[in-house]
Amino acid sequence: METFRAFISMVKDSLGYLTHGSRAYHVWMFFLTLIMLIGMYFYSIQLDEGLSATGMTDRVSWGLYISNFTFLVGVAAAAVMLVMPTYVLHDIDFKQAVLIGEGLAVAALVMCLAFVVADMGGPSVLWHMFPGIGVFNFPSSMLAWDVIALNGYLFINISIPLYILFRHYQGKEAKARVYIPGAILSVLWAVGIHLVTAFLYQGLQAKPFWNNALLGPRFLASAFAAGPALIILVLAAIRKFSEFKIEDKTIKKIALIVTVAAQINLIMLVSELFKEFYAPTHHSESAYYLFFGLDGKTALLPWIWTAIPLNVLATVMLTFHKLRNNLNVLYVCCFMLFVAIWIEKGFGLIVPGFIPGPYGKIAEYTPTWVEIWVSLGIWAMGAFIFTMLAKTSIGIELGKLRYKKKEAVKTETAK
């Protein structure tokens, strides 16, 4: 009963703590709320008109929504690069950042699920995602595997930090024997969610652009570059706008992870380009469309030729020790790498898979304002959720939120 009372107290204290903050905090939350409301308005248009309100067609049936979904799976999986050193290898330098990383994973997974709902057209068809109720097709459907993987990883990333924060809220240390097994499982599960997502594309035999043995490993490499890059940027913001102290050595260690992952990702990119263009076949047409255009159709050229130079430049700069250890340069490199991988792993991966079509027809795809604003609304929702999780976690870790038993409260009142 005391544990339940403490948990209810933590919820109440957290909600109260979230409503107080600096002017910058309130402006930030108001801005995110405004973007979410605009996104909801445009989503109502999609619900009214159907997916015809988007730029997707029967030729290109996956667009901005699935592009964001694919990228965010990687952001969610990146938390493992902090979980493993902290909980498994007991590296105390990562301890300050691990709860922030797991909060980012939770927000990313919620956004993943929201983008899937948006791409399905509306929540009315979600019943298909429930085993035994809808047409789940488990275990033959890779999509069913993906649903299980994402929801399982979401549960793990909520339960472990919640247990640790709840113990700290009570003024107690978390028991390693309780959370270490979950942490080890989360490491394996993080790899699994990305491989399953990659297999979802690789299993579509009619899309040769995705029939690549490197797709799964490259998903992981790009995830472990873009995800920690975002974590570094978030930690930089937390250092500036909160009392939570993040040591330079923590950020520099994460930067080393970003660098190695970015280098591996670049090597795999070169390998893919060699395979597509050194001895091209008719299966290389999607890659030709992406990088050079086909029959005068060049909608994706500005995107990919923005992503590749940013990717190369950021990776090269991070490779040099002096540049990487300059935090201002590091933040710029992380931003460039994040944008580059978002383009490359989003538009650069999803859309070309449908072009040209099975009969050679080139039907280009351009997202509509409905898709853009719905996507921005989902990103704002993710940022809103993460801000609340991060603020609560920081409050507990700094000791500003602590459980007061009834006896202690009565004593204080009497005084």
# chains A, B, ... in the order shown; residues from 1 in each chain; ligands from 1
>>> residues_around(residues="Ile35 in chain A", least_positions_apart="5", cutoff="7 Å", atoms="only C-alpha atoms", output="PyMOL selection string")
chain A and resi 376-377+380
>>> residues_around(residues="range 202-214 of chain A", least_positions_apart="2", cutoff="10 Å", atoms="only C-alpha atoms", output="count of residues only")
32
>>> select_by_dssp(residues="range 281-399 of chain A", states="alpha helix (DSSP H)", output="ChimeraX atom specification")
/A:285-291,301-319,321-325,327-345,347-350,369-397
>>> residues_around(residues="Val75 in chain A", least_positions_apart="5", cutoff="7 Å", atoms="only C-alpha atoms", output="PyMOL selection string")
chain A and resi 105+108+223+226-227
>>> write_last_selection(atoms="N, CA, C and O atoms", output="PDB file, in the first residue's frame")
ATOM      1  N   ALA A 105      14.102   7.765 -26.558  1.00  0.00           N
ATOM      2  CA  ALA A 105      13.634   6.536 -27.217  1.00  0.00           C
ATOM      3  C   ALA A 105      12.123   6.394 -27.087  1.00  0.00           C
ATOM      4  O   ALA A 105      11.433   6.021 -28.042  1.00  0.00           O
ATOM      5  N   ALA A 108      10.479   8.850 -29.422  1.00  0.00           N
ATOM      6  CA  ALA A 108      10.640   8.412 -30.816  1.00  0.00           C
ATOM      7  C   ALA A 108       9.694   7.266 -31.150  1.00  0.00           C
ATOM      8  O   ALA A 108       9.107   7.225 -32.237  1.00  0.00           O
ATOM      9  N   ALA A 223      21.515   4.365 -37.658  1.00  0.00           N
ATOM     10  CA  ALA A 223      20.798   4.621 -36.401  1.00  0.00           C
ATOM     11  C   ALA A 223      21.758   5.015 -35.298  1.00  0.00           C
ATOM     12  O   ALA A 223      21.504   5.952 -34.524  1.00  0.00           O
ATOM     13  N   ALA A 226      22.887   8.763 -36.235  1.00  0.00           N
ATOM     14  CA  ALA A 226      21.899   9.841 -36.112  1.00  0.00           C
ATOM     15  C   ALA A 226      21.315   9.928 -34.707  1.00  0.00           C
ATOM     16  O   ALA A 226      21.108  11.035 -34.176  1.00  0.00           O
ATOM     17  N   GLY A 227      21.028   8.783 -34.077  1.00  0.00           N
ATOM     18  CA  GLY A 227      20.419   8.792 -32.753  1.00  0.00           C
ATOM     19  C   GLY A 227      21.303   9.448 -31.696  1.00  0.00           C
ATOM     20  O   GLY A 227      20.888  10.413 -31.039  1.00  0.00           O
TER      21      GLY A 227
END
>>> closest_atom_pairs(of="range 335-391 of chain A", to="range 242-249 of chain A", cutoff="12 Å", atoms="only C-alpha atoms", output="Markdown table")
| residue | atom | partner | partner_atom | distance |
| --- | --- | --- | --- | --- |
| A:Thr387 | CA | A:Ser242 | CA | 11.8 |
| A:Ala390 | CA | A:Phe244 | CA | 10.4 |
| A:Lys391 | CA | A:Ser242 | CA | 8.9 |
>>> residues_around(residues="Leu72 in chain A", least_positions_apart="3", cutoff="10 Å", atoms="only C-alpha atoms", output="count of residues only")
23
>>> closest_residue(among="A:Phe166, A:Glu344, A:Met381, A:Trp303", to="Phe4 in chain A", atoms="only C-alpha atoms")
A:Phe166
>>> residues_around(residues="Leu82 in chain A", least_positions_apart="3", cutoff="8 Å", atoms="only C-alpha atoms", output="mmCIF file with N, CA, C and O atoms, in the first residue's frame")
data_model
loop_
_atom_site.group_PDB
_atom_site.id
_atom_site.type_symbol
_atom_site.label_atom_id
_atom_site.label_comp_id
_atom_site.auth_asym_id
_atom_site.auth_seq_id
_atom_site.Cartn_x
_atom_site.Cartn_y
_atom_site.Cartn_z
ATOM 1 N N ALA A 78 18.801 3.935 -30.888
ATOM 2 C CA ALA A 78 20.089 4.517 -30.500
ATOM 3 C C ALA A 78 20.275 4.592 -28.997
ATOM 4 O O ALA A 78 21.411 4.697 -28.514
ATOM 5 N N ALA A 79 19.188 4.520 -28.237
ATOM 6 C CA ALA A 79 19.307 4.573 -26.771
ATOM 7 C C ALA A 79 20.176 3.446 -26.242
ATOM 8 O O ALA A 79 20.789 3.565 -25.177
ATOM 9 N N PRO A 85 26.650 0.724 -22.141
ATOM 10 C CA PRO A 85 27.794 1.143 -21.317
ATOM 11 C C PRO A 85 27.424 1.414 -19.862
ATOM 12 O O PRO A 85 28.211 1.154 -18.959
ATOM 13 N N THR A 86 26.213 1.949 -19.637
ATOM 14 C CA THR A 86 25.825 2.342 -18.276
ATOM 15 C C THR A 86 25.415 1.141 -17.428
ATOM 16 O O THR A 86 25.963 0.904 -16.348
ATOM 17 N N PHE A 94 28.552 7.626 -18.631
ATOM 18 C CA PHE A 94 27.296 7.648 -19.387
ATOM 19 C C PHE A 94 26.075 7.759 -18.474
ATOM 20 O O PHE A 94 24.961 7.925 -18.961
ATOM 21 N N ALA A 97 23.602 10.646 -18.776
ATOM 22 C CA ALA A 97 22.858 10.806 -20.026
ATOM 23 C C ALA A 97 21.882 9.680 -20.322
ATOM 24 O O ALA A 97 21.016 9.831 -21.184
ATOM 25 N N VAL A 98 21.994 8.555 -19.609
ATOM 26 C CA VAL A 98 21.236 7.371 -20.021
ATOM 27 C C VAL A 98 19.724 7.576 -19.894
ATOM 28 O O VAL A 98 18.955 7.157 -20.774
ATOM 29 N N GLY A 101 18.557 9.609 -22.734
ATOM 30 C CA GLY A 101 18.516 8.793 -23.955
ATOM 31 C C GLY A 101 17.300 7.893 -24.009
ATOM 32 O O GLY A 101 16.674 7.740 -25.064
#
>>> closest_residue(among="A:Ala261, A:Trp305, A:Thr250, A:Phe30", to="Gly293 in chain A", atoms="only C-alpha atoms")
A:Trp305
>>> closest_residue(among="A:Phe136, A:Tyr201, A:Tyr331, A:Phe277", to="Leu318 in chain A", atoms="only C-alpha atoms")
A:Tyr331
>>> residues_around(residues="Cys334 in chain A", least_positions_apart="5", cutoff="9 Å", atoms="only C-alpha atoms", output="PyMOL selection string")
chain A and resi 225-226+228-230+232-233+255+258+314+318+329+339
>>> atom_distance(atom1="CA of Glu371 in chain A", atom2="CA of Glu102 in chain A")
27.9 Å
>>> closest_residue(among="A:His168, A:Arg23, A:Arg5, A:Arg324", to="Leu398 in chain A", atoms="only C-alpha atoms")
A:His168
>>> closest_residue(among="A:Met81, A:Ile304, A:Val60, A:Ile148", to="Phe292 in chain A", atoms="only C-alpha atoms")
A:Ile304
>>> closest_residue(among="A:Gly63, A:Gly103, A:Gly122, A:Gly132", to="Asp48 in chain A", atoms="only C-alpha atoms")
A:Gly122
>>> atom_distance(atom1="CA of Gln263 in chain A", atom2="CA of Tyr278 in chain A")
21.9 Å
>>> decode(residues="range 200-247 of chain A", atoms="C-alpha atoms", output="mmCIF file, in the first residue's frame")
data_model
loop_
_atom_site.group_PDB
_atom_site.id
_atom_site.type_symbol
_atom_site.label_atom_id
_atom_site.label_comp_id
_atom_site.auth_asym_id
_atom_site.auth_seq_id
_atom_site.Cartn_x
_atom_site.Cartn_y
_atom_site.Cartn_z
ATOM 1 C CA LEU A 200 10.047 -5.585 -43.826
ATOM 2 C CA TYR A 201 11.492 -3.790 -46.870
ATOM 3 C CA GLN A 202 13.881 -6.539 -47.958
ATOM 4 C CA GLY A 203 11.030 -9.037 -48.055
ATOM 5 C CA LEU A 204 9.212 -7.096 -50.807
ATOM 6 C CA GLN A 205 10.609 -8.916 -53.836
ATOM 7 C CA ALA A 206 8.937 -6.605 -56.353
ATOM 8 C CA LYS A 207 11.045 -3.689 -55.043
ATOM 9 C CA PRO A 208 14.634 -4.432 -56.142
ATOM 10 C CA PHE A 209 15.931 -1.166 -54.672
ATOM 11 C CA TRP A 210 15.368 -2.641 -51.210
ATOM 12 C CA ASN A 211 16.642 -6.162 -52.007
ATOM 13 C CA ASN A 212 20.043 -5.420 -50.541
ATOM 14 C CA ALA A 213 21.867 -7.615 -48.025
ATOM 15 C CA LEU A 214 23.437 -4.488 -46.496
ATOM 16 C CA LEU A 215 20.086 -2.887 -45.694
ATOM 17 C CA GLY A 216 19.838 -4.300 -42.158
ATOM 18 C CA PRO A 217 23.448 -3.558 -41.091
ATOM 19 C CA ARG A 218 23.263 -0.110 -42.691
ATOM 20 C CA PHE A 219 20.045 0.606 -40.803
ATOM 21 C CA LEU A 220 21.942 -0.088 -37.581
ATOM 22 C CA ALA A 221 24.995 1.977 -38.576
ATOM 23 C CA SER A 222 22.900 4.996 -39.557
ATOM 24 C CA ALA A 223 20.798 4.621 -36.401
ATOM 25 C CA PHE A 224 23.851 4.577 -34.154
ATOM 26 C CA ALA A 225 25.092 7.729 -35.904
ATOM 27 C CA ALA A 226 21.899 9.841 -36.112
ATOM 28 C CA GLY A 227 20.419 8.792 -32.753
ATOM 29 C CA PRO A 228 23.433 9.631 -30.549
ATOM 30 C CA ALA A 229 23.963 12.781 -32.648
ATOM 31 C CA LEU A 230 20.484 13.903 -31.607
ATOM 32 C CA ILE A 231 21.214 12.908 -27.999
ATOM 33 C CA ILE A 232 24.309 15.146 -28.045
ATOM 34 C CA LEU A 233 22.235 18.090 -29.292
ATOM 35 C CA VAL A 234 19.607 17.436 -26.626
ATOM 36 C CA LEU A 235 22.252 17.208 -23.902
ATOM 37 C CA ALA A 236 23.714 20.515 -25.107
ATOM 38 C CA ALA A 237 20.276 22.141 -24.727
ATOM 39 C CA ILE A 238 19.797 20.602 -21.271
ATOM 40 C CA ARG A 239 23.199 21.912 -20.153
ATOM 41 C CA LYS A 240 22.250 25.391 -21.267
ATOM 42 C CA PHE A 241 18.661 25.625 -20.005
ATOM 43 C CA SER A 242 18.692 23.530 -16.830
ATOM 44 C CA GLU A 243 20.700 22.943 -13.672
ATOM 45 C CA PHE A 244 21.451 19.366 -14.674
ATOM 46 C CA LYS A 245 25.190 19.044 -15.154
ATOM 47 C CA ILE A 246 26.442 17.032 -18.119
ATOM 48 C CA GLU A 247 30.212 16.591 -18.132
#
